[in-house]
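Note: the block below is model-v2.txt and it holds compact mmCIF, C-alpha atoms.
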```
# COMPACT_ATOMS: atom_id res chain seq x y z
CA MET O 1 0.00 0.00 0.00
CA ILE O 2 1.37 3.43 -0.96
CA LYS O 3 1.83 5.59 2.13
CA LYS O 4 -1.20 7.80 2.64
CA ASN O 5 0.76 11.00 3.12
CA ILE O 6 2.78 10.64 -0.10
CA ALA O 7 1.97 13.59 -2.35
CA VAL O 8 2.00 13.27 -6.15
CA SER O 9 1.73 16.37 -8.32
CA ALA O 10 0.20 16.56 -11.77
CA SER O 11 3.69 16.82 -13.23
CA GLY O 12 4.80 13.57 -11.61
CA LEU O 13 6.69 14.88 -8.58
CA ILE O 14 6.48 12.53 -5.61
CA PHE O 15 7.23 14.06 -2.19
CA ASN O 16 7.70 11.93 0.90
CA PRO O 17 6.91 14.25 3.84
CA ASP O 18 8.46 11.86 6.37
CA THR O 19 11.92 11.94 4.86
CA GLY O 20 11.90 15.07 2.68
CA GLU O 21 12.90 13.01 -0.35
CA SER O 22 11.42 13.84 -3.73
CA PHE O 23 11.29 11.80 -6.95
CA SER O 24 10.09 12.30 -10.48
CA VAL O 25 7.99 9.77 -12.35
CA ASN O 26 6.78 9.79 -15.95
CA PRO O 27 3.06 10.21 -16.74
CA LEU O 28 2.48 6.45 -16.63
CA GLY O 29 4.08 6.21 -13.17
CA ALA O 30 2.02 9.16 -11.95
CA ASP O 31 -1.15 7.51 -13.26
CA ILE O 32 -0.35 4.21 -11.54
CA ILE O 33 0.20 5.96 -8.22
CA THR O 34 -2.96 7.98 -8.63
CA PHE O 35 -5.00 4.87 -9.49
CA ILE O 36 -3.63 3.05 -6.43
CA LYS O 37 -4.27 6.01 -4.14
CA GLU O 38 -7.84 6.11 -5.46
CA GLY O 39 -8.29 2.66 -3.96
CA ASN O 40 -7.97 0.53 -7.09
CA GLY O 41 -6.55 -2.99 -6.80
CA ARG O 42 -3.89 -4.44 -9.08
CA ASP O 43 -6.38 -5.78 -11.67
CA GLU O 44 -8.27 -2.48 -11.82
CA VAL O 45 -5.01 -0.57 -12.22
CA ALA O 46 -4.01 -2.94 -15.04
CA GLN O 47 -7.36 -2.39 -16.76
CA LYS O 48 -7.08 1.40 -16.54
CA VAL O 49 -3.48 1.47 -17.73
CA MET O 50 -4.16 -0.86 -20.66
CA GLU O 51 -7.10 1.30 -21.73
CA LYS O 52 -5.05 4.47 -21.66
CA TYR O 53 -1.62 3.31 -22.87
CA GLN O 54 -2.31 0.37 -25.20
CA VAL O 55 0.05 -2.00 -23.42
CA GLU O 56 0.06 -5.81 -23.35
CA LYS O 57 -1.00 -7.43 -20.08
CA ALA O 58 2.27 -9.40 -19.74
CA SER O 59 4.32 -6.29 -20.32
CA PHE O 60 2.25 -4.36 -17.78
CA GLU O 61 2.66 -7.09 -15.15
CA LYS O 62 6.45 -7.05 -15.39
CA ASP O 63 6.76 -3.27 -15.42
CA TYR O 64 4.25 -2.94 -12.58
CA ASP O 65 6.24 -5.34 -10.38
CA ASP O 66 9.49 -3.51 -11.17
CA PHE O 67 7.84 -0.18 -10.40
CA MET O 68 6.44 -1.38 -7.09
CA ASP O 69 9.84 -2.84 -6.15
CA LEU O 70 11.33 0.57 -6.75
CA MET O 71 8.64 2.22 -4.65
CA GLN O 72 9.43 -0.26 -1.88
CA THR O 73 13.16 0.47 -2.15
CA TYR O 74 12.50 4.18 -1.69
CA LEU O 75 10.21 3.53 1.27
CA LEU O 76 7.15 4.92 -0.45
CA ILE O 77 5.16 1.80 0.38
CA GLU O 78 4.13 0.60 3.79
CA ASN O 79 3.33 -3.01 4.57
CA ASP O 80 -0.24 -3.80 5.56
CA ASP O 81 0.95 -5.35 8.82
CA MET A 1 -7.45 43.51 15.74
CA THR A 2 -3.90 43.42 17.10
CA THR A 3 -2.40 46.58 18.48
CA LYS A 4 1.21 46.72 17.38
CA LYS A 5 3.59 47.96 20.03
CA PRO A 6 6.92 49.13 18.65
CA LEU A 7 9.78 47.29 20.29
CA THR A 8 13.49 48.00 20.11
CA ILE A 9 15.27 44.68 19.63
CA ALA A 10 19.03 44.18 19.45
CA VAL A 11 20.20 41.23 17.34
CA SER A 12 23.70 39.86 16.81
CA ALA A 13 25.26 37.58 14.15
CA LEU A 14 24.79 39.83 11.12
CA ASN A 15 27.41 37.83 9.20
CA THR A 16 25.39 36.48 6.29
CA ILE A 17 28.45 34.88 4.76
CA ASP A 18 29.20 31.35 3.50
CA SER A 19 28.97 30.08 7.06
CA PRO A 20 26.13 32.38 7.99
CA GLY A 21 25.12 33.66 11.38
CA PRO A 22 21.39 33.59 12.15
CA GLY A 23 20.99 37.34 12.76
CA ILE A 24 19.54 38.46 9.44
CA ALA A 25 17.13 35.51 9.28
CA VAL A 26 15.99 36.35 12.82
CA ILE A 27 15.50 40.00 11.84
CA ARG A 28 13.46 39.08 8.76
CA ALA A 29 11.20 37.02 11.01
CA LEU A 30 10.84 39.89 13.51
CA ARG A 31 10.01 42.33 10.71
CA GLU A 32 7.15 40.05 9.68
CA ALA A 33 5.82 39.50 13.20
CA PRO A 34 2.09 40.26 13.28
CA SER A 35 2.08 40.94 17.05
CA PHE A 36 4.50 43.89 17.12
CA ASP A 37 6.40 46.48 15.12
CA CYS A 38 10.08 46.77 15.82
CA ARG A 39 13.18 48.87 15.48
CA ILE A 40 16.23 46.66 14.96
CA ILE A 41 19.61 47.41 16.48
CA GLY A 42 22.41 45.32 15.03
CA LEU A 43 25.26 44.15 17.24
CA ALA A 44 28.39 43.47 15.19
CA TYR A 45 31.89 42.22 15.92
CA GLU A 46 33.42 42.96 12.52
CA SER A 47 33.02 45.95 10.19
CA LEU A 48 32.28 43.81 7.15
CA GLU A 49 29.37 41.86 8.56
CA PRO A 50 26.90 42.31 5.68
CA GLY A 51 23.90 42.98 7.92
CA ILE A 52 25.47 46.28 9.02
CA PHE A 53 24.77 47.65 5.54
CA MET A 54 21.27 46.19 5.12
CA HIS A 55 19.46 49.37 6.08
CA ASP A 56 16.05 48.04 5.10
CA LEU A 57 16.41 45.39 7.80
CA VAL A 58 18.76 46.90 10.40
CA ASP A 59 18.04 50.44 11.64
CA LYS A 60 21.35 51.04 13.39
CA THR A 61 24.37 48.92 14.21
CA TYR A 62 26.90 49.10 17.06
CA HIS A 63 30.16 47.28 17.42
CA ILE A 64 30.37 45.15 20.53
CA PRO A 65 33.54 43.65 22.02
CA TYR A 66 34.48 40.01 21.51
CA PRO A 67 33.66 37.68 24.43
CA SER A 68 37.40 37.41 25.13
CA ALA A 69 37.34 41.08 26.28
CA GLY A 70 35.38 40.02 29.33
CA ILE A 71 31.87 40.36 30.66
CA ASP A 72 32.30 43.81 32.19
CA THR A 73 33.57 45.29 28.92
CA LEU A 74 30.56 43.87 27.11
CA PHE A 75 28.22 45.17 29.81
CA GLU A 76 29.65 48.68 29.58
CA ARG A 77 29.11 48.67 25.84
CA LEU A 78 25.54 47.43 26.23
CA GLU A 79 24.88 50.15 28.82
CA TYR A 80 26.04 52.74 26.29
CA ILE A 81 23.85 51.26 23.54
CA HIS A 82 20.87 51.04 25.89
CA GLU A 83 21.29 54.67 26.92
CA LYS A 84 20.99 55.69 23.28
CA GLU A 85 18.46 53.18 22.00
CA LYS A 86 16.35 52.09 25.01
CA LEU A 87 16.48 48.40 24.20
CA ASP A 88 13.51 46.19 25.04
CA VAL A 89 15.02 42.83 24.07
CA ILE A 90 18.42 41.43 23.10
CA ILE A 91 18.70 38.25 21.00
CA PRO A 92 22.31 36.99 20.95
CA ASN A 93 22.80 34.45 18.16
CA PHE A 94 26.39 33.24 18.42
CA ASP A 95 27.28 30.19 20.51
CA ALA A 96 30.44 31.89 21.75
CA GLU A 97 28.63 34.97 23.06
CA LEU A 98 25.86 33.10 24.85
CA TYR A 99 27.94 32.43 27.95
CA PRO A 100 28.56 36.15 28.69
CA PHE A 101 24.96 37.05 27.86
CA ILE A 102 23.64 34.33 30.17
CA ARG A 103 25.93 35.64 32.91
CA LEU A 104 24.65 39.17 32.27
CA GLU A 105 20.99 38.20 32.11
CA LYS A 106 20.10 39.48 35.59
CA ARG A 107 21.92 42.78 35.17
CA LEU A 108 20.27 43.31 31.79
CA HIS A 109 16.85 42.61 33.28
CA GLU A 110 17.52 45.17 36.00
CA MET A 111 18.16 47.68 33.22
CA GLY A 112 14.84 46.76 31.62
CA ILE A 113 16.28 44.61 28.83
CA ALA A 114 14.62 41.23 28.36
CA THR A 115 16.30 38.07 27.06
CA PHE A 116 15.11 34.49 26.67
CA LEU A 117 18.18 32.32 27.04
CA PRO A 118 18.93 28.82 28.30
CA GLU A 119 20.05 28.55 31.90
CA LEU A 120 23.78 28.20 32.49
CA GLU A 121 23.44 24.54 33.51
CA GLN A 122 21.45 23.74 30.33
CA PHE A 123 23.98 25.63 28.25
CA GLU A 124 26.92 23.73 29.76
CA GLU A 125 25.51 20.19 29.77
CA ARG A 126 24.52 20.24 26.09
CA HIS A 127 28.01 21.42 25.14
CA LYS A 128 29.63 19.11 22.60
CA VAL A 129 32.40 18.28 25.04
CA ASN A 130 29.69 16.88 27.35
CA LEU A 131 27.54 15.19 24.69
CA ASN A 132 28.31 11.61 25.81
CA GLU A 133 27.06 12.31 29.34
CA PHE A 134 24.11 14.23 27.92
CA GLY A 135 23.06 11.23 25.82
CA LYS A 136 23.34 8.85 28.76
CA LYS A 137 21.44 11.14 31.11
CA TYR A 138 18.50 11.71 28.78
CA GLY A 139 18.45 8.39 26.91
CA ILE A 140 19.22 9.96 23.54
CA ASN A 141 21.43 8.25 20.91
CA VAL A 142 24.65 10.21 20.48
CA PRO A 143 27.76 9.19 18.54
CA LYS A 144 30.72 8.22 20.71
CA SER A 145 32.97 11.21 21.31
CA LYS A 146 36.07 12.11 23.31
CA VAL A 147 37.67 15.41 24.28
CA TYR A 148 41.37 16.02 23.55
CA PHE A 149 43.35 18.85 25.12
CA GLU A 150 46.82 17.97 23.83
CA LEU A 151 48.18 16.90 20.46
CA SER A 152 50.12 14.06 22.09
CA GLU A 153 46.86 12.52 23.32
CA LEU A 154 45.72 12.16 19.72
CA GLN A 155 48.56 9.78 18.84
CA ASN A 156 46.37 6.81 19.82
CA VAL A 157 43.07 8.16 18.53
CA GLY A 158 42.89 5.25 16.07
CA LYS A 159 42.56 2.83 19.02
CA SER A 160 39.44 4.58 20.26
CA PHE A 161 37.79 5.40 16.93
CA ASP A 162 37.50 3.87 13.46
CA TYR A 163 38.31 6.06 10.48
CA PRO A 164 36.83 8.21 9.15
CA LEU A 165 36.19 10.28 12.26
CA LEU A 166 35.16 13.86 12.94
CA VAL A 167 37.43 16.48 14.50
CA LYS A 168 35.38 19.34 15.93
CA GLY A 169 36.05 22.72 17.51
CA LYS A 170 34.44 23.53 20.83
CA TYR A 171 32.17 26.14 19.23
CA TYR A 172 32.34 25.75 15.45
CA ASP A 173 33.95 23.77 12.64
CA ALA A 174 34.01 20.05 12.01
CA TYR A 175 36.30 18.14 9.68
CA VAL A 176 36.19 14.54 8.49
CA ALA A 177 39.60 12.92 8.96
CA TYR A 178 40.63 9.69 7.23
CA ASN A 179 44.01 9.19 8.91
CA LEU A 180 46.16 10.40 11.79
CA GLU A 181 47.94 13.02 9.68
CA GLN A 182 44.64 14.66 8.86
CA VAL A 183 43.57 14.50 12.51
CA LYS A 184 46.73 16.36 13.53
CA SER A 185 46.31 18.92 10.76
CA TYR A 186 42.70 19.64 11.75
CA TYR A 187 43.70 19.77 15.42
CA HIS A 188 46.12 22.62 14.67
CA ARG A 189 43.61 24.42 12.47
CA ILE A 190 40.88 24.25 15.11
CA ILE A 191 43.10 25.13 18.06
CA ALA A 192 44.36 28.21 16.22
CA LYS A 193 40.83 29.41 15.59
CA TRP A 194 38.77 28.32 18.57
CA GLY A 195 41.25 27.27 21.22
CA SER A 196 41.47 24.02 23.18
CA PRO A 197 40.00 21.41 23.44
CA VAL A 198 38.97 19.59 20.27
CA VAL A 199 36.30 16.91 20.22
CA VAL A 200 36.78 13.71 18.24
CA GLN A 201 33.48 12.12 17.31
CA GLU A 202 32.49 8.82 15.70
CA PHE A 203 31.41 9.36 12.09
CA VAL A 204 27.83 8.22 11.60
CA HIS A 205 26.96 7.46 7.98
CA GLY A 206 23.53 8.62 6.97
CA THR A 207 21.34 11.56 6.05
CA GLU A 208 21.48 14.90 7.83
CA PHE A 209 18.39 16.36 9.42
CA ASN A 210 17.87 19.35 11.68
CA VAL A 211 15.13 20.54 14.00
CA THR A 212 14.74 24.07 15.23
CA GLY A 213 12.45 24.79 18.13
CA LEU A 214 11.58 26.84 21.17
CA GLY A 215 11.21 25.63 24.75
CA ASP A 216 9.39 27.60 27.45
CA GLY A 217 11.77 26.64 30.28
CA HIS A 218 9.11 24.47 31.95
CA GLY A 219 9.39 21.44 29.69
CA ASN A 220 6.84 22.53 27.09
CA THR A 221 7.48 22.68 23.35
CA ILE A 222 6.31 26.02 21.98
CA ALA A 223 7.57 25.39 18.45
CA ALA A 224 9.35 22.65 16.49
CA VAL A 225 10.18 22.55 12.79
CA PRO A 226 12.08 19.56 11.34
CA MET A 227 14.05 20.03 8.14
CA ARG A 228 16.02 17.82 5.78
CA LYS A 229 19.13 19.38 4.29
CA GLN A 230 18.93 19.24 0.49
CA TYR A 231 22.06 21.13 -0.47
CA ILE A 232 25.10 21.18 1.78
CA THR A 233 28.11 23.45 1.27
CA ASP A 234 31.72 22.41 1.69
CA LYS A 235 31.47 23.90 5.20
CA GLY A 236 28.59 21.57 5.99
CA LYS A 237 26.03 24.36 5.97
CA ALA A 238 22.54 23.85 4.59
CA TRP A 239 22.13 25.96 1.46
CA GLY A 240 18.72 24.46 0.79
CA GLY A 241 16.30 22.41 2.85
CA VAL A 242 12.71 21.23 3.08
CA SER A 243 10.33 21.00 6.02
CA ILE A 244 9.29 17.43 6.77
CA ALA A 245 6.86 15.56 9.01
CA ASP A 246 9.03 12.90 10.64
CA LYS A 247 7.26 11.83 13.83
CA LYS A 248 10.43 10.33 15.34
CA MET A 249 12.19 13.67 15.06
CA LEU A 250 9.31 15.52 16.68
CA ALA A 251 9.16 12.95 19.48
CA LEU A 252 12.91 13.29 20.04
CA THR A 253 12.55 17.08 20.15
CA ASN A 254 9.68 16.93 22.64
CA SER A 255 11.67 14.50 24.77
CA PHE A 256 14.70 16.82 24.69
CA ILE A 257 12.63 19.83 25.77
CA SER A 258 10.57 18.05 28.41
CA GLN A 259 13.61 16.40 30.03
CA THR A 260 15.98 19.36 29.96
CA LYS A 261 13.25 21.99 30.46
CA TRP A 262 15.04 23.90 27.74
CA ARG A 263 14.50 27.65 27.73
CA GLY A 264 14.89 29.53 24.47
CA GLY A 265 15.57 28.75 20.85
CA PHE A 266 17.73 25.83 19.74
CA GLU A 267 18.72 23.61 16.86
CA LEU A 268 19.24 19.86 17.02
CA GLU A 269 21.63 18.42 14.44
CA LEU A 270 20.71 14.83 13.69
CA MET A 271 21.98 12.00 11.54
CA LYS A 272 19.62 9.22 10.43
CA ASP A 273 21.45 5.95 9.80
CA LYS A 274 20.45 3.17 7.40
CA LYS A 275 18.32 1.50 10.06
CA GLY A 276 16.28 4.67 10.46
CA ASP A 277 17.72 5.48 13.92
CA PHE A 278 18.52 9.08 14.74
CA TYR A 279 21.78 10.16 16.36
CA LEU A 280 22.05 13.55 17.99
CA LEU A 281 25.26 15.13 16.70
CA GLU A 282 25.00 18.54 18.30
CA ILE A 283 22.68 20.85 20.19
CA ASN A 284 23.08 24.46 19.17
CA PRO A 285 21.76 26.65 21.99
CA ARG A 286 20.33 29.33 19.72
CA MET A 287 18.26 29.68 16.57
CA PRO A 288 19.90 28.49 13.33
CA ALA A 289 20.68 30.49 10.18
CA TRP A 290 17.72 28.79 8.45
CA ILE A 291 15.25 30.03 11.09
CA TYR A 292 13.33 32.00 8.46
CA LEU A 293 11.96 28.66 7.23
CA SER A 294 10.00 28.58 10.50
CA VAL A 295 8.16 31.70 9.32
CA GLY A 296 7.59 30.08 5.93
CA VAL A 297 5.91 27.06 7.51
CA GLY A 298 3.75 29.06 9.93
CA GLN A 299 5.77 29.07 13.16
CA ASN A 300 7.43 32.45 13.64
CA ILE A 301 9.89 31.30 16.30
CA PRO A 302 11.78 34.63 16.71
CA GLU A 303 8.46 36.42 17.27
CA ALA A 304 7.39 33.85 19.86
CA LEU A 305 10.80 34.10 21.57
CA VAL A 306 10.49 37.91 21.88
CA ASN A 307 6.98 37.66 23.31
CA MET A 308 8.14 35.06 25.83
CA ALA A 309 11.12 37.22 26.77
CA LEU A 310 8.64 40.00 27.54
CA GLY A 311 6.68 37.65 29.78
CA LYS A 312 3.69 37.32 27.47
CA LYS A 313 1.69 34.11 27.30
CA VAL A 314 2.53 32.30 24.06
CA GLU A 315 0.41 29.37 22.96
CA PRO A 316 2.34 26.40 21.53
CA PHE A 317 2.18 26.12 17.75
CA LYS A 318 0.05 23.15 16.76
CA ASP A 319 0.94 22.71 13.12
CA TYR A 320 3.29 23.66 10.31
CA LYS A 321 3.41 23.33 6.54
CA VAL A 322 5.30 20.29 5.26
CA GLY A 323 7.15 20.46 1.94
CA LYS A 324 8.18 24.11 2.18
CA MET A 325 11.73 24.69 1.00
CA PHE A 326 14.30 27.35 1.67
CA VAL A 327 16.88 28.07 -0.99
CA ARG A 328 19.68 30.35 0.14
CA TYR A 329 21.45 32.78 -2.16
CA SER A 330 24.24 35.33 -2.03
CA TRP A 331 23.84 38.94 -3.09
CA ASP A 332 26.36 41.70 -3.70
CA MET A 333 25.48 45.03 -2.10
CA ILE A 334 27.02 48.28 -3.25
CA VAL A 335 28.18 50.26 -0.25
CA ASP A 336 29.78 53.71 0.01
CA ILE A 337 33.23 53.60 1.56
CA GLU A 338 32.11 56.33 3.98
CA GLU A 339 29.74 53.86 5.62
CA PHE A 340 32.52 51.35 6.08
CA GLN A 341 34.74 54.12 7.45
CA GLN A 342 32.05 55.20 9.91
CA ILE A 343 31.42 51.74 11.37
CA SER A 344 35.16 51.04 11.47
CA THR A 345 36.15 54.24 13.23
CA SER A 346 33.17 55.19 15.39
CA GLY A 347 31.78 51.69 15.93
CA GLU A 348 28.29 52.86 14.97
CA LEU A 349 26.34 53.10 11.74
```
So, in terms of structure tokens, how does the structure I just supplied come out?
Amino acid sequence: MIKKNIAVSASGLIFNPDTGESFSVNPLGADIITFIKEGNGRDEVAQKVMEKYQVEKASFEKDYDDFMDLMQTYLLIENDD
Amino acid sequence: MTTKKPLTIAVSALNTIDSPGPGIAVIRALREAPSFDCRIIGLAYESLEPGIFMHDLVDKTYHIPYPSAGIDTLFERLEYIHEKEKLDVIIPNFDAELYPFIRLEKRLHEMGIATFLPELEQFEERHKVNLNEFGKKYGINVPKSKVYFELSELQNVGKSFDYPLLVKGKYYDAYVAYNLEQVKSYYHRIIAKWGSPVVVQEFVHGTEFNVTGLGDGHGNTIAAVPMRKQYITDKGKAWGGVSIADKKMLALTNSFISQTKWRGGFELELMKDKKGDFYLLEINPRMPAWIYLSVGVGQNIPEALVNMALGKKVEPFKDYKVGKMFVRYSWDMIVDIEEFQQISTSGEL
């Protein structure tokens, strides 16, 4: 789950208010974060992304996992427990 | 509607240089205080402190003697300034001048000049030469450190510390040393500038954070603003930073204030290691040069400090804006040589 207090701007700037770190993501990354923060699950996010970006499901799955790993590395995700 | 009462406030540390004093930032905050208007009297040690020539911020400046001249010499000078300017409050902003000002606090109050400074015991126990004991006493993580008075004692420093290590002056300056030769070189440099002793401190790898705040002297936090340094100069000074919402840092700050019953402004210098643990590197017993960020996030700490010095009830700040940045810059002023001559020869401008 993406941390609730993570802010994402329209231009793709992510700001972590706990650490002061900021990151830039491309429009696809910004959309994924926005979809997740809206409460969508993985399948719903996949559906929305595929509709907007014309991407294959398999390709989405791999890129999504890589992206979420990166988010985890930068402590932008908190575990449910 | 607030009635603004004009106050005459003397502020030191007008050296907005590459290792800036907090004075000008404090003055900017005071100028924007909604609860009072003020006339600012600058207190300067050197004739080229830039704040002396910032006439839109500083109404008049007086030279004051260095702390090494002694408390009585300083007091005589302050009496002279007070006679001319009728000071309401003095805010000293240099670590090295705090000791004489704390010692003079009672005499200044008798003259009608308010201050809001830490007590002598608080000032002494947070000193970097006492940081180990401070950490033990209050249960706060501090890096291991040791005080060295003589060069010969440093010969075996490698047995007590792993390299790299930090060599620090008792008031200012800190250098990272990677071998004994560098330790000796920094020892000489620091001793020449700040005198004995030097402090050798374990080097904690991590990210630098700072908190500035204000304690009421009874254990209550009036203000606290945490900041992450974003741009650090070769002198280790923050040239850019952003306000953050780290709960651990705020808890550490509240614990520091409640346990020490800190009175006045302060800055905590912290290092966050890879595990996410904070280490307290230093406690600066005055507001930092980036104090204007506190105004930017909604906690005008210098204003609150003045009101507390005057004995007014100040409610603790409840909130601040996260994600506000400060970006420092340098600026060349054009100054007539006559102004420089006047401050140099008469000690007033």
Determine, for each residue of chain A having at least one atom at most 10 Å from an atom of chain O, the closest pair of atoms and their separation in Å to one decimal, counting all atoms listed in the file; order by chain and ascending number, as a tab-separated table.
```
residue	atom	partner	partner_atom	distance
A:Thr207	CA	O:Thr19	CA	9.5
A:Phe209	CA	O:Thr19	CA	9.1
A:Pro226	CA	O:Gly20	CA	9.8
A:Met227	CA	O:Gly20	CA	7.7
A:Arg228	CA	O:Gly20	CA	5.8
A:Lys229	CA	O:Gly20	CA	8.6
A:Gln230	CA	O:Gly20	CA	8.5
A:Gly241	CA	O:Gly20	CA	8.6
A:Val242	CA	O:Gly20	CA	6.2
A:Ser243	CA	O:Gly20	CA	7.0
A:Ile244	CA	O:Pro17	CA	4.9
A:Ala245	CA	O:Asp18	CA	4.8
A:Asp246	CA	O:Asp18	CA	4.4
A:Lys247	CA	O:Asp18	CA	7.6
A:Lys248	CA	O:Asp18	CA	9.3
A:Met249	CA	O:Asp18	CA	9.6
A:Lys272	CA	O:Thr19	CA	9.9
A:Val322	CA	O:Pro17	CA	6.4
A:Gly323	CA	O:Pro17	CA	6.5
A:Lys324	CA	O:Gly20	CA	9.8
A:Met325	CA	O:Gly20	CA	9.8
```
Could you check which of A:Thr212, A:Trp290, A:Leu349, A:Trp331 is closest to His55 of chain A, using only C-alpha atoms?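 Distance minimum relative to His55 of chain A lands on A:Leu349.
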Exercise: residues within 12 Å of coordinate (14.9, 1.5, 9.5), counting only C-alpha atoms, as a list in words: Thr19, Thr73, Tyr74 and Leu75 of chain O; Gly206, Lys248, Lys272, Asp273, Lys274, Lys275, Gly276, Asp277 and Phe278 of chain A
Between atom CA of Thr34 of chain O and atom CA of Gln72 of chain O, what is the distance in Å, rounded to a tenth?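 Atom CA of Gln72 of chain O lies 16.3 Å from atom CA of Thr34 of chain O.
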Need to verify the contact set: Ile32 of chain O, 9 Å, only C-alpha atoms, exclusion of same-chain residues closer than 3 positions in sequence. Can you return it as an mmCIF file with C-alpha atoms, in the frame of the given file?
```cif
data_model
loop_
_atom_site.group_PDB
_atom_site.id
_atom_site.type_symbol
_atom_site.label_atom_id
_atom_site.label_comp_id
_atom_site.auth_asym_id
_atom_site.auth_seq_id
_atom_site.Cartn_x
_atom_site.Cartn_y
_atom_site.Cartn_z
ATOM 1 C CA PRO O 27 3.060 10.210 -16.740
ATOM 2 C CA LEU O 28 2.480 6.450 -16.630
ATOM 3 C CA GLY O 29 4.080 6.210 -13.170
ATOM 4 C CA PHE O 35 -5.000 4.870 -9.490
ATOM 5 C CA ILE O 36 -3.630 3.050 -6.430
ATOM 6 C CA LYS O 37 -4.270 6.010 -4.140
ATOM 7 C CA VAL O 45 -5.010 -0.570 -12.220
ATOM 8 C CA ALA O 46 -4.010 -2.940 -15.040
ATOM 9 C CA LYS O 48 -7.080 1.400 -16.540
ATOM 10 C CA VAL O 49 -3.480 1.470 -17.730
ATOM 11 C CA TYR O 64 4.250 -2.940 -12.580
#
```
Nearby residues (only C-alpha atoms) at most 7 Å from Glu105 of chain A, same-chain spacing under 4 positions excluded, as a list in words: Phe101, His109 and Thr115 of chain A
Please, could you write that set of residues out with C-alpha atoms as a compact mmCIF listing (two decimals), in the frame of the given file?
```
# COMPACT_ATOMS: atom_id res chain seq x y z
CA PHE A 101 24.96 37.05 27.86
CA HIS A 109 16.85 42.61 33.28
CA THR A 115 16.30 38.07 27.06
```
Could you give me, as number ranges by chain, the residues that have an atom at most 10 Å away from the point (17.0, 13.3, 17.8) in the coordinates of the file, using all atoms listed in the file? A: 140-142, 209-211, 248-256, 268-272, 277-283
Which distance in Å separates atom CA of Gln47 of chain O and atom CA of Ser9 of chain O, to one decimal?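 Computing it gives 22.5 Å between the two atoms.
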May I ask for the distance between atom CA of Leu43 of chain A and atom CA of Arg28 of chain A, given in Å to one decimal place?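 These atoms are spaced 15.4 Å apart.
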Mind checking which residues fall within 12 Å of segment 125-137 of chain A, counting only C-alpha atoms, ignoring those fewer than 4 positions away in the same chain, and posting them as a ChimeraX atom specification? /A:95-96,98-99,118-121,141-149,167-174,196-202,252,255-257,259-260,262,266-269,279-286
Who sits within 7 Å of Gly264 of chain A, only C-alpha atoms, same chain under 4 positions skipped, as number ranges by chain: A: 116-118, 214-216, 305
With a distance cut-off of 7 Å and only C-alpha atoms, select the neighbouring residues of segment 16-24 of chain A, excluding the residue or stretch itself and same-chain residues fewer than 6 positions from it, and output the selection as an mmCIF file with C-alpha atoms, in the frame of the given file.
```cif
data_model
loop_
_atom_site.group_PDB
_atom_site.id
_atom_site.type_symbol
_atom_site.label_atom_id
_atom_site.label_comp_id
_atom_site.auth_asym_id
_atom_site.auth_seq_id
_atom_site.Cartn_x
_atom_site.Cartn_y
_atom_site.Cartn_z
ATOM 1 C CA PRO A 50 26.900 42.310 5.680
ATOM 2 C CA GLY A 51 23.900 42.980 7.920
ATOM 3 C CA ASN A 93 22.800 34.450 18.160
ATOM 4 C CA LYS A 235 31.470 23.900 5.200
ATOM 5 C CA LYS A 237 26.030 24.360 5.970
ATOM 6 C CA MET A 287 18.260 29.680 16.570
ATOM 7 C CA PRO A 288 19.900 28.490 13.330
ATOM 8 C CA ALA A 289 20.680 30.490 10.180
#
```
